[in-house]
Amino acid sequence: MRNAIAALPDTLISQIAAGEVVERPASVVKEVLENAIDAGSRVITVRLEEGGCQRISIQDDGIGIVHTELKLAVMRHATSKIRSLTDLESVASLGFRGEALASIASVSRLSITTKTTEDDHAWQIQVSGGQLLDDINPASGNTGTTIDVQDLYFNTPARRKFLKSAQTELGHCLDVIRRIALSRPDIAFAIWHNGKIIDRWTNGSIEQRVDAILGEEFHNARIEVQNMAGPLSIRGFISKPTSSRARADQQFSFINGRFVRDKVIQHAIRSAYQDVLHGDRQPMVVLSLEIDPTLVDVNVHPAKTEVRFRESGAVHQFLYKTIQNALSSGGGQSITTIDHQAAQDISPIHSNWLGQMANQELSFRQSNKNSIDQFFSKIDTKHLTQDQDFQTDNDLPLGHAIAQIHGIYILSQNKHGLVLIDMHAAHERVLYEKLKQDLANGIKIQQLLVPLVMHASELEVSKAQEHQSTLKQLGLDVAALSPTDLAIRTIPSLLQKADPISLLRNLLSDLDLTGSKAVLDAVQHERLATQACHAAVRAHRLLSLAEMDSLLRQMEQTERADQCNHARPTWIQLSIQDLDKLFMRGK
Ligand SMILES: Nc1ncnc2c1ncn2[C@@H]1O[C@H](COP(=O)(O)OP(=O)(O)OP(=O)(O)O)[C@@H](O)[C@H]1O
Ligand SMILES: [Mg+2]
């Protein structure tokens, strides 16, 4: 039997749409907060009951809704934010689909109380499961809007079953609220749960908001990022590689004020950190990207957390370079101040170092008991020449080497006090950066004896043809033999040991995503890192003072010399004050 085709009733259409827009209480919070922001609010209060499953009430002080338009506000495809396709293509507001309130109203009991500055009093509308309950009625209330959503999914029990515990739903709501609050430090927020206030953020600077939401760990580890290029600008904070996390749960990126999860951005962040962070560690970032709205499509998914860039390659490069530069200039411990975290990191080293000094002296005493005075006089003389050098050399950041401890650490004196350097890690870093520089100056190519034939999909073959010249620049000479066969004739010499087929596959998918050669860089850099590690001075090798000084000078000239390839610090500063504290001097 064949059913007749019939148009669906409006409420059912909204309920279907609600499947995508209102996934859980947190999505209601997101939609209602975005409306409050679009309405120009300065103060927003969120009240939740039972993780939002029972009630979500959000009060704002925005422009309000004109009461004659209140019914339209809960109708599908009714919006004040766009009028035409041209408006859509350059949309600057967070909402534009005109369906959030209709979707929410179709699966809950919703009331809207609102007042504009022109109104003498507020007005209220009530909708239950998509049905208007009464006419619009006068109500009490200040200028602005309060949206009250009760009993989410009361009329869609199948959906209601998917709700998790109140605690879990509360967690999701708070995640959404934090993201939105991070994007708008100029708006004050207060968050209540079951009648108790749980968070309150006054309006202020981006720094204050980031500190309030991400806390001390990020405060101590953050590097500021700021850059501009044509229609793109970025502002935000990223963590030093020495502070990382196991999960990517503290990564917030915004495009034109909208929180997004975007592959291009995520890839750029990962690539920028790949030199300084182990693959399984995640940085913390808060990055706010501003871009000409015509260059980005936000109408990809109803929830609007995905976007499509017109020029994804350019955005990738811009982000990658910006983060990489920030990391190479500000990644390590400051030479003049030791921050809280670094100070904590140092304390175990203090005792180690003191222990080693004692051992060193003991072993010296044991082997030269007679020449003990000679030992100290030698050190003293060295100090004197150091002090003289400071006057002429000005302040060399890493100072002059004084001694080597157990063939592992270099001890150096600079104008602030004492510097301890992990000589293997530091040398490894210097070599690695040098190898990378060599690589950037030209790729060496290895001709394969017999071309490697690989079976590929038609899509891969066409992509390989499209990117043929880029691939060649990267050292991969690839030709199509048939619609489903590719031949690889050359590979980059540095990657002799890599698997050319998986390299090409990764490269093809990456060229598409980012328009860059991120994969090749990643593999090559990994090889370089291994080479650098093997070539670096081994621990326990004795270096002369001149050799040590030369390493220090190379470090000063090397980008990212503050961490080794495994994100451990390569040097640590102990200021005179730190030393005084150790010996309780001046107390
Ligand atoms: N808090 C608010 N203050 C002022 N006007 C509001 C508020 N919330 C909703 N509105 C009005 O109601 C309309 C419908 O809101 P709704 O969220 O359904 O759609 P939208 O925001 O236009 O688009 P989207 O579905 O993408 O969110 C909005 O266009 C706006 O005019
Ligand atoms: Mg909206």
# chains A, B, ... in the order shown; residues from 1 in each chain; ligands from 1
>>> residues_near_ligand(ligand="ligand 2", cutoff="12 Å", atoms="only C-alpha atoms and all ligand atoms", output="PyMOL selection string")
chain A and resi 21-22+27-39+73-82+93-104+147+302-304
>>> residues_around(residues="region 434-450 of chain A", least_positions_apart="3", cutoff="10 Å", atoms="only C-alpha atoms", output="ChimeraX atom specification")
/A:428-431,453,472-477,487-496,521,524-525,528-529,531-532,558-559
>>> write_last_selection(atoms="N, CA, C and O atoms", output="CSV table (one decimal), in the first residue's frame")
chain,number,residue,atom,x,y,z
A,428,GLU,N,70.7,19.4,21.7
A,428,GLU,CA,69.7,18.7,20.8
A,428,GLU,C,68.8,19.8,20.1
A,428,GLU,O,68.6,19.8,18.9
A,429,ARG,N,68.4,20.7,20.9
A,429,ARG,CA,67.5,21.8,20.4
A,429,ARG,C,68.2,22.6,19.3
A,429,ARG,O,67.6,22.9,18.3
A,430,VAL,N,69.4,23.0,19.7
A,430,VAL,CA,70.2,23.8,18.7
A,430,VAL,C,70.4,23.1,17.4
A,430,VAL,O,70.1,23.7,16.3
A,431,LEU,N,70.7,21.8,17.5
A,431,LEU,CA,71.0,21.1,16.3
A,431,LEU,C,69.7,20.9,15.4
A,431,LEU,O,69.7,21.1,14.2
A,453,VAL,N,54.8,1.8,-7.5
A,453,VAL,CA,53.4,1.9,-8.1
A,453,VAL,C,52.4,1.7,-6.9
A,453,VAL,O,52.6,0.7,-6.2
A,472,LYS,N,55.8,18.0,-6.2
A,472,LYS,CA,57.2,18.0,-6.7
A,472,LYS,C,58.1,18.9,-5.9
A,472,LYS,O,59.2,18.5,-5.5
A,473,GLN,N,57.6,20.1,-5.5
A,473,GLN,CA,58.4,21.0,-4.7
A,473,GLN,C,58.7,20.3,-3.4
A,473,GLN,O,59.7,20.6,-2.8
A,474,LEU,N,57.9,19.5,-2.9
A,474,LEU,CA,58.1,18.8,-1.6
A,474,LEU,C,59.0,17.6,-1.8
A,474,LEU,O,59.2,16.8,-0.8
A,475,GLY,N,59.4,17.3,-3.0
A,475,GLY,CA,60.3,16.2,-3.2
A,475,GLY,C,59.6,14.9,-3.7
A,475,GLY,O,60.3,13.9,-3.9
A,476,LEU,N,58.3,14.9,-3.9
A,476,LEU,CA,57.6,13.8,-4.3
A,476,LEU,C,57.2,13.9,-5.8
A,476,LEU,O,56.4,14.7,-6.1
A,477,ASP,N,57.9,13.2,-6.7
A,477,ASP,CA,57.5,13.2,-8.1
A,477,ASP,C,56.5,12.1,-8.3
A,477,ASP,O,56.8,10.9,-8.3
A,487,ALA,N,52.3,6.4,-9.7
A,487,ALA,CA,53.7,6.0,-9.6
A,487,ALA,C,54.5,7.1,-8.8
A,487,ALA,O,54.3,8.3,-9.1
A,488,ILE,N,55.2,6.7,-7.8
A,488,ILE,CA,56.1,7.6,-7.1
A,488,ILE,C,57.5,7.4,-7.6
A,488,ILE,O,58.1,6.3,-7.5
A,489,ARG,N,58.1,8.5,-8.1
A,489,ARG,CA,59.5,8.4,-8.7
A,489,ARG,C,60.6,8.9,-7.7
A,489,ARG,O,61.7,8.4,-7.7
A,490,THR,N,60.2,9.9,-7.0
A,490,THR,CA,61.3,10.5,-6.1
A,490,THR,C,60.6,10.7,-4.7
A,490,THR,O,59.4,10.9,-4.6
A,491,ILE,N,61.5,10.7,-3.7
A,491,ILE,CA,61.0,11.0,-2.3
A,491,ILE,C,62.0,12.0,-1.7
A,491,ILE,O,63.2,12.0,-2.2
A,492,PRO,N,61.6,12.8,-0.7
A,492,PRO,CA,62.6,13.6,0.0
A,492,PRO,C,63.7,12.7,0.7
A,492,PRO,O,63.3,11.8,1.3
A,493,SER,N,65.0,13.1,0.5
A,493,SER,CA,66.1,12.2,1.0
A,493,SER,C,65.9,12.0,2.5
A,493,SER,O,66.2,10.9,3.0
A,494,LEU,N,65.5,13.0,3.2
A,494,LEU,CA,65.4,12.9,4.6
A,494,LEU,C,64.4,11.9,5.1
A,494,LEU,O,64.4,11.3,6.2
A,495,LEU,N,63.5,11.5,4.2
A,495,LEU,CA,62.4,10.6,4.5
A,495,LEU,C,62.7,9.2,3.9
A,495,LEU,O,61.7,8.5,3.6
A,496,GLN,N,63.9,8.9,3.6
A,496,GLN,CA,64.2,7.6,3.0
A,496,GLN,C,63.5,6.4,3.8
A,496,GLN,O,63.2,5.4,3.2
A,521,ASP,N,56.0,18.2,6.7
A,521,ASP,CA,56.7,18.9,7.7
A,521,ASP,C,56.8,18.0,9.0
A,521,ASP,O,57.8,17.8,9.6
A,524,GLN,N,59.1,15.0,8.4
A,524,GLN,CA,60.4,15.4,8.3
A,524,GLN,C,61.0,15.9,9.7
A,524,GLN,O,62.1,15.5,10.1
A,525,HIS,N,60.1,16.6,10.4
A,525,HIS,CA,60.6,17.2,11.6
A,525,HIS,C,60.8,16.1,12.6
A,525,HIS,O,61.7,16.1,13.5
A,528,LEU,N,64.2,14.7,11.8
A,528,LEU,CA,65.2,15.6,12.2
A,528,LEU,C,65.4,15.6,13.7
A,528,LEU,O,66.5,15.6,14.1
A,529,ALA,N,64.3,15.5,14.4
A,529,ALA,CA,64.4,15.4,15.8
A,529,ALA,C,65.2,14.2,16.3
A,529,ALA,O,66.1,14.3,17.1
A,531,GLN,N,67.5,12.7,14.4
A,531,GLN,CA,68.9,12.9,14.1
A,531,GLN,C,69.6,13.8,15.1
A,531,GLN,O,70.7,13.6,15.5
A,532,ALA,N,68.8,14.9,15.4
A,532,ALA,CA,69.4,15.9,16.4
A,532,ALA,C,69.7,15.2,17.7
A,532,ALA,O,70.8,15.4,18.3
A,558,THR,N,69.1,30.7,18.9
A,558,THR,CA,68.2,29.7,18.4
A,558,THR,C,66.8,29.9,18.8
A,558,THR,O,66.5,30.1,20.0
A,559,GLU,N,65.9,29.9,17.9
A,559,GLU,CA,64.5,30.0,18.2
A,559,GLU,C,64.1,28.8,19.1
A,559,GLU,O,64.6,27.7,18.9
>>> select_by_dssp(residues="region 69-305 of chain A", states="strand (DSSP E)", output="ChimeraX atom specification")
/A:109-115,122-128,131-132,137-139,144-150,188-193,196-201,222-229,232-239,251-255,258-260,285-291,296-297
>>> closest_residue(among="A:Met1, A:Ala212, A:Val300, A:Ile576", to="ligand 1", atoms="only C-alpha atoms and all ligand atoms")
A:Val300
>>> closest_residue(among="A:Ser271, A:Gln413, A:Thr168, A:Gln324", to="Ala26 (chain A)", atoms="only C-alpha atoms")
A:Thr168
>>> select_by_dssp(residues="region 482-513 of chain A", states="helix (DSSP H, G or I)", output="list of chain:residue names")
A:Ser493, A:Leu494, A:Leu495, A:Pro500, A:Ile501, A:Ser502, A:Leu503, A:Leu504, A:Arg505, A:Asn506, A:Leu507, A:Leu508, A:Ser509, A:Asp510, A:Leu511, A:Asp512, A:Leu513
>>> residues_around(residues="Glu547 (chain A)", least_positions_apart="5", cutoff="12 Å", atoms="only C-alpha atoms", output="JSON, numbers by chain")
{"A": [400, 401, 402, 403, 404, 410, 423, 427, 537, 541, 542, 552, 553, 554]}
>>> closest_residue(among="A:Arg222, A:Arg200, A:Lys463, A:His316", to="Ile177 (chain A)", atoms="only C-alpha atoms")
A:Arg200
>>> atom_distance(atom1="CA of Glu466 (chain A)", atom2="CA of Ser312 (chain A)")
17.0 Å
>>> closest_residue(among="A:His121, A:His301, A:Arg47, A:His267", to="ligand 1", atoms="only C-alpha atoms and all ligand atoms")
A:His301
>>> atom_distance(atom1="CA of Arg159 (chain A)", atom2="CA of Glu20 (chain A)")
11.9 Å
>>> residues_around(residues="Val210 (chain A)", least_positions_apart="6", cutoff="12 Å", atoms="only C-alpha atoms", output="PyMOL selection string")
chain A and resi 178-185+201+203-204+216-220+222+224+236-238+250-252+284-288
>>> residues_around(residues="Asp120 (chain A)", least_positions_apart="6", cutoff="10 Å", atoms="only C-alpha atoms", output="short mmCIF file (atom, residue, chain, number, x, y, z; two decimals) with C-alpha atoms, in the first residue's frame")
data_model
loop_
_atom_site.label_atom_id
_atom_site.label_comp_id
_atom_site.auth_asym_id
_atom_site.auth_seq_id
_atom_site.Cartn_x
_atom_site.Cartn_y
_atom_site.Cartn_z
CA PRO A 138 0.83 42.41 30.17
CA SER A 140 5.91 42.99 35.16
CA ASN A 142 12.44 45.54 33.36
CA THR A 143 13.68 46.39 29.89
#
>>> atom_distance(atom1="CA of Ile5 (chain A)", atom2="CA of Asn155 (chain A)")
25.4 Å
>>> decode(residues="region 408-428 of chain A", atoms="C-alpha atoms", output="PDB file, in the first residue's frame")
ATOM      1  CA  ILE A 408      75.125  16.675  32.652  1.00  0.00           C
ATOM      2  CA  TYR A 409      74.546  20.285  33.643  1.00  0.00           C
ATOM      3  CA  ILE A 410      76.350  23.451  32.777  1.00  0.00           C
ATOM      4  CA  LEU A 411      76.575  26.086  35.460  1.00  0.00           C
ATOM      5  CA  SER A 412      76.659  29.619  34.157  1.00  0.00           C
ATOM      6  CA  GLN A 413      76.664  33.071  35.700  1.00  0.00           C
ATOM      7  CA  ASN A 414      74.683  35.941  34.235  1.00  0.00           C
ATOM      8  CA  LYS A 415      73.815  39.360  35.605  1.00  0.00           C
ATOM      9  CA  HIS A 416      70.770  38.052  37.460  1.00  0.00           C
ATOM     10  CA  GLY A 417      72.501  35.175  39.183  1.00  0.00           C
ATOM     11  CA  LEU A 418      72.980  31.572  38.241  1.00  0.00           C
ATOM     12  CA  VAL A 419      71.779  29.656  35.197  1.00  0.00           C
ATOM     13  CA  LEU A 420      71.581  25.862  35.084  1.00  0.00           C
ATOM     14  CA  ILE A 421      71.576  24.297  31.636  1.00  0.00           C
ATOM     15  CA  ASP A 422      70.771  20.736  30.664  1.00  0.00           C
ATOM     16  CA  MET A 423      73.536  20.432  28.108  1.00  0.00           C
ATOM     17  CA  HIS A 424      72.237  17.447  26.131  1.00  0.00           C
ATOM     18  CA  ALA A 425      68.738  18.848  25.831  1.00  0.00           C
ATOM     19  CA  ALA A 426      70.030  22.281  24.884  1.00  0.00           C
ATOM     20  CA  HIS A 427      72.407  20.990  22.253  1.00  0.00           C
ATOM     21  CA  GLU A 428      69.745  18.749  20.799  1.00  0.00           C
TER      22      GLU A 428
END
